[in-house]
Amino acid sequence: MSTELPPVIAIDGPSGSGKGTVASGAAEALGWHLLDSGALYRILAHVSQQAGVSADTPARLEALARGLRVDFVRTSTGAEQILLDGRDVTTVVRSEESGKRASELAVIPQVRQGLVGVQRSFRRTPGLVADGRDMGTVIFPDAGLKIFLTASVEERVQRRYNQLKQKGLNATLPALFRDLIARDERDRNRAVSPLKAAPDAVVLDTTGMPVAAVVDQVLDRARRRYGEAAAGRRQGG
Ligand code: DC
């Protein structure tokens, strides 16, 4: 009772379900911290590749994971930045290459174990919005609000395509479609922490829904669940 942990909103879902954008929008509106857990897997993919540490040496991967010093910040122009040891790694982390390698590393139990503490360290006052695949099931099973976002495969591929194009990155729809199906398969069927909705999660199908409407639904539930603590910086959309 006396040592209550800061509140957490867990937002899980498959690639392209919009969880990153929704989590970021909700965190900003509430004035809470943000954890983009997928970025941690992507950063590990990048760092391990640079260091020449392969998937055959899980103990070395775990050590690298435990040592990650990552911050998610918003620049004065409102853009999201991912900092590793204070260095901006946003572009490389967001590439399809990092995402693919991240998905491969994510099946390794030692990698997941190494990232547990890093992820939980983001739980700070006034609260945390965490997005990923296992936020509500494994990392924050006590989260007071759990949301599981879904959307049709076609829409998820299109969203990914638009996102990458907007960032000036290379992408084709057929390649993205193939990659997304493969990643879904791997994320859902891995032995450790597979992607699935927690039994107490609210499942929201966002197909055809504008992001702002999904953020509003999350904020509405957050306010009902957390009251004053989720009063936020601004009311409404
Ligand atoms: O959400 P994303 O595309 O940035 O995630 C990259 C990969 O990391 C994804 O394919 C699966 C993995 N991941 C995970 O296993 N658990 C998480 N909590 C977040 C991401």
# chains A, B, ... in the order shown; residues from 1 in each chain; ligands from 1
>>> closest_atom_pairs(of="stretch 124-143 of chain A", to="stretch 3-8 of chain A", cutoff="7 Å", atoms="only C-alpha atoms", output="Markdown table")
| residue | atom | partner | partner_atom | distance |
| --- | --- | --- | --- | --- |
| A:Arg124 | CA | A:Pro6 | CA | 5.9 |
| A:Thr125 | CA | A:Pro6 | CA | 5.3 |
| A:Pro126 | CA | A:Pro6 | CA | 6.3 |
| A:Gly127 | CA | A:Pro7 | CA | 4.8 |
| A:Leu128 | CA | A:Val8 | CA | 4.8 |
| A:Val129 | CA | A:Val8 | CA | 5.8 |
| A:Ala143 | CA | A:Val8 | CA | 5.0 |
>>> write_last_selection(atoms="N, CA, C and O atoms", output="short mmCIF file (atom, residue, chain, number, x, y, z; two decimals), in the first residue's frame")
data_model
loop_
_atom_site.label_atom_id
_atom_site.label_comp_id
_atom_site.auth_asym_id
_atom_site.auth_seq_id
_atom_site.Cartn_x
_atom_site.Cartn_y
_atom_site.Cartn_z
N ARG A 124 8.37 5.36 -14.06
CA ARG A 124 8.68 6.48 -13.16
C ARG A 124 7.46 7.38 -13.05
O ARG A 124 6.60 7.39 -13.94
N THR A 125 7.41 8.15 -11.96
CA THR A 125 6.29 9.08 -11.80
C THR A 125 6.36 10.16 -12.87
O THR A 125 7.46 10.50 -13.31
N PRO A 126 5.24 10.69 -13.33
CA PRO A 126 3.87 10.43 -12.85
C PRO A 126 3.25 9.14 -13.42
O PRO A 126 2.22 8.70 -12.91
N GLY A 127 3.87 8.53 -14.45
CA GLY A 127 3.30 7.30 -15.00
C GLY A 127 4.02 6.93 -16.29
O GLY A 127 4.87 7.68 -16.78
N LEU A 128 3.67 5.76 -16.82
CA LEU A 128 4.34 5.25 -18.02
C LEU A 128 3.32 4.70 -19.00
O LEU A 128 2.39 3.99 -18.62
N VAL A 129 3.53 5.03 -20.28
CA VAL A 129 2.80 4.36 -21.35
C VAL A 129 3.82 3.50 -22.08
O VAL A 129 4.83 4.01 -22.57
N ALA A 143 -0.06 -3.86 -14.75
CA ALA A 143 -0.51 -2.59 -15.33
C ALA A 143 -2.01 -2.41 -15.09
O ALA A 143 -2.78 -3.35 -15.25
#
>>> select_by_dssp(residues="stretch 11-220 of chain A", states="strand (DSSP E)", output="VMD selection string")
chain A and resid 11 to 12 33 to 36 70 to 74 80 to 84 87 to 88 128 to 132 145 to 150 202 to 205
>>> write_last_selection(atoms="C-alpha atoms", output="compact mmCIF listing (two decimals), in the first residue's frame")
# COMPACT_ATOMS: atom_id res chain seq x y z
CA ILE A 11 -0.30 -1.11 -25.22
CA ASP A 12 0.47 -4.29 -27.15
CA HIS A 33 6.90 8.73 -19.78
CA LEU A 34 7.04 6.62 -22.93
CA LEU A 35 8.63 3.22 -23.44
CA ASP A 36 8.90 2.00 -27.04
CA VAL A 70 18.31 4.53 -23.91
CA ASP A 71 16.08 7.63 -23.74
CA PHE A 72 13.01 8.54 -25.75
CA VAL A 73 12.74 12.30 -26.14
CA ARG A 74 10.61 14.77 -28.03
CA GLU A 80 10.34 11.64 -31.47
CA GLN A 81 14.01 10.92 -30.94
CA ILE A 82 15.66 7.73 -29.74
CA LEU A 83 18.94 8.33 -27.92
CA LEU A 84 21.53 5.67 -27.19
CA ARG A 87 23.44 9.82 -29.38
CA ASP A 88 20.55 10.09 -31.85
CA LEU A 128 4.34 5.25 -18.02
CA VAL A 129 2.80 4.36 -21.35
CA ALA A 130 4.61 1.25 -22.64
CA ASP A 131 4.15 -0.27 -26.07
CA GLY A 132 5.29 -3.61 -27.42
CA LEU A 145 -4.84 -0.53 -18.01
CA LYS A 146 -3.97 -2.96 -20.81
CA ILE A 147 -4.87 -2.32 -24.43
CA PHE A 148 -4.33 -4.78 -27.28
CA LEU A 149 -4.52 -3.14 -30.72
CA THR A 150 -5.26 -5.06 -33.90
CA VAL A 202 -9.17 -4.39 -23.82
CA VAL A 203 -8.93 -5.47 -27.49
CA LEU A 204 -9.41 -2.62 -29.99
CA ASP A 205 -9.64 -3.25 -33.74
>>> closest_residue(among="A:Leu64, A:Val47, A:Val118, A:Leu195", to="ligand 1", atoms="only C-alpha atoms and all ligand atoms")
A:Leu195
>>> atom_distance(atom1="atom CA of A:Gly67", atom2="atom 12 (C, counted along the ligand's line) of ligand 1")
18.1 Å
>>> residues_around(residues="A:Arg101", least_positions_apart="6", cutoff="9 Å", atoms="only C-alpha atoms", output="PDB file with N, CA, C and O atoms, in the first residue's frame")
ATOM      1  N   TYR A  41      14.671  -3.624 -28.718  1.00  0.00           N
ATOM      2  CA  TYR A  41      15.083  -4.795 -29.500  1.00  0.00           C
ATOM      3  C   TYR A  41      15.811  -4.365 -30.770  1.00  0.00           C
ATOM      4  O   TYR A  41      16.796  -4.975 -31.191  1.00  0.00           O
ATOM      5  N   ARG A  42      15.319  -3.283 -31.386  1.00  0.00           N
ATOM      6  CA  ARG A  42      15.953  -2.781 -32.603  1.00  0.00           C
ATOM      7  C   ARG A  42      17.353  -2.228 -32.305  1.00  0.00           C
ATOM      8  O   ARG A  42      18.294  -2.427 -33.066  1.00  0.00           O
ATOM      9  N   ALA A  45      19.660  -4.985 -31.849  1.00  0.00           N
ATOM     10  CA  ALA A  45      19.992  -5.552 -33.159  1.00  0.00           C
ATOM     11  C   ALA A  45      21.127  -4.756 -33.793  1.00  0.00           C
ATOM     12  O   ALA A  45      22.108  -5.320 -34.294  1.00  0.00           O
ATOM     13  N   HIS A  46      21.016  -3.450 -33.712  1.00  0.00           N
ATOM     14  CA  HIS A  46      22.015  -2.565 -34.310  1.00  0.00           C
ATOM     15  C   HIS A  46      23.359  -2.658 -33.571  1.00  0.00           C
ATOM     16  O   HIS A  46      24.408  -2.879 -34.172  1.00  0.00           O
TER      17      HIS A  46
END
>>> residues_near_ligand(ligand="ligand 1", cutoff="7 Å", atoms="only C-alpha atoms and all ligand atoms", output="compact mmCIF listing (two decimals) with N, CA, C and O atoms, in the first residue's frame")
# COMPACT_ATOMS: atom_id res chain seq x y z
N SER A 15 2.93 -5.77 -35.51
CA SER A 15 3.55 -4.71 -36.31
C SER A 15 2.50 -3.97 -37.12
O SER A 15 1.65 -4.60 -37.75
N SER A 37 9.22 -0.34 -26.45
CA SER A 37 10.07 -1.51 -26.17
C SER A 37 10.63 -2.13 -27.45
O SER A 37 11.73 -2.68 -27.44
N GLY A 38 9.89 -2.00 -28.57
CA GLY A 38 10.40 -2.53 -29.83
C GLY A 38 11.71 -1.85 -30.20
O GLY A 38 12.62 -2.47 -30.76
N ALA A 39 11.82 -0.55 -29.85
CA ALA A 39 13.04 0.19 -30.16
C ALA A 39 14.23 -0.42 -29.42
O ALA A 39 15.35 -0.41 -29.93
N TYR A 41 14.67 -3.62 -28.72
CA TYR A 41 15.08 -4.80 -29.50
C TYR A 41 15.81 -4.36 -30.77
O TYR A 41 16.80 -4.97 -31.19
N ARG A 42 15.32 -3.28 -31.39
CA ARG A 42 15.95 -2.78 -32.60
C ARG A 42 17.35 -2.23 -32.30
O ARG A 42 18.29 -2.43 -33.07
N GLY A 99 14.45 -3.81 -37.84
CA GLY A 99 13.21 -4.46 -37.40
C GLY A 99 13.26 -5.96 -37.63
O GLY A 99 12.83 -6.75 -36.77
N LYS A 100 13.81 -6.34 -38.76
CA LYS A 100 13.89 -7.76 -39.11
C LYS A 100 14.83 -8.49 -38.15
O LYS A 100 14.52 -9.55 -37.62
N ALA A 102 15.75 -7.47 -35.24
CA ALA A 102 15.18 -7.41 -33.89
C ALA A 102 14.23 -8.58 -33.67
O ALA A 102 14.24 -9.23 -32.61
N SER A 103 13.41 -8.85 -34.67
CA SER A 103 12.42 -9.92 -34.56
C SER A 103 13.13 -11.28 -34.41
O SER A 103 12.66 -12.17 -33.71
N ALA A 106 14.57 -11.43 -30.88
CA ALA A 106 13.53 -11.45 -29.85
C ALA A 106 13.07 -12.86 -29.46
O ALA A 106 12.39 -13.03 -28.45
N VAL A 107 13.45 -13.87 -30.25
CA VAL A 107 13.07 -15.25 -29.89
C VAL A 107 14.06 -15.85 -28.89
O VAL A 107 13.85 -16.94 -28.36
N ASP A 131 4.70 0.49 -24.95
CA ASP A 131 4.15 -0.27 -26.07
C ASP A 131 5.08 -1.38 -26.51
O ASP A 131 6.29 -1.26 -26.38
N GLY A 132 4.49 -2.47 -26.98
CA GLY A 132 5.29 -3.61 -27.42
C GLY A 132 4.46 -4.83 -27.73
O GLY A 132 3.37 -4.74 -28.29
N ARG A 133 5.01 -5.99 -27.35
CA ARG A 133 4.32 -7.27 -27.62
C ARG A 133 3.93 -7.97 -26.32
O ARG A 133 3.02 -8.78 -26.30
N ASP A 134 4.68 -7.68 -25.25
CA ASP A 134 4.47 -8.43 -24.00
C ASP A 134 4.42 -7.48 -22.79
O ASP A 134 4.76 -7.88 -21.69
N MET A 135 4.01 -6.23 -23.04
CA MET A 135 3.96 -5.26 -21.93
C MET A 135 2.94 -5.70 -20.88
O MET A 135 3.22 -5.70 -19.68
N ARG A 183 7.02 -11.71 -39.76
CA ARG A 183 7.26 -11.18 -38.42
C ARG A 183 6.11 -11.54 -37.48
O ARG A 183 6.33 -11.94 -36.34
N ASP A 187 6.55 -13.59 -34.11
CA ASP A 187 6.16 -12.95 -32.84
C ASP A 187 5.08 -13.76 -32.11
O ASP A 187 5.08 -13.85 -30.88
>>> atom_distance(atom1="atom CA of A:Gly114", atom2="atom CA of A:Ala63")
6.8 Å
>>> residues_around(residues="A:Ile181", least_positions_apart="3", cutoff="12 Å", atoms="only C-alpha atoms", output="VMD selection string")
chain A and resid 14 to 16 100 152 to 154 156 to 157 174 to 178 184 to 188
>>> closest_residue(among="A:Ser48, A:Ser95, A:Ser193, A:Asn162", to="A:Ile139", atoms="only C-alpha atoms")
A:Ser193
>>> residues_around(residues="A:Ala231", least_positions_apart="4", cutoff="7 Å", atoms="only C-alpha atoms", output="list in words")
Leu30, Arg223 and Gly227 of chain A
>>> closest_residue(among="A:Ser54, A:Gly25, A:Arg66, A:Arg160", to="A:Gly78", atoms="only C-alpha atoms")
A:Gly25
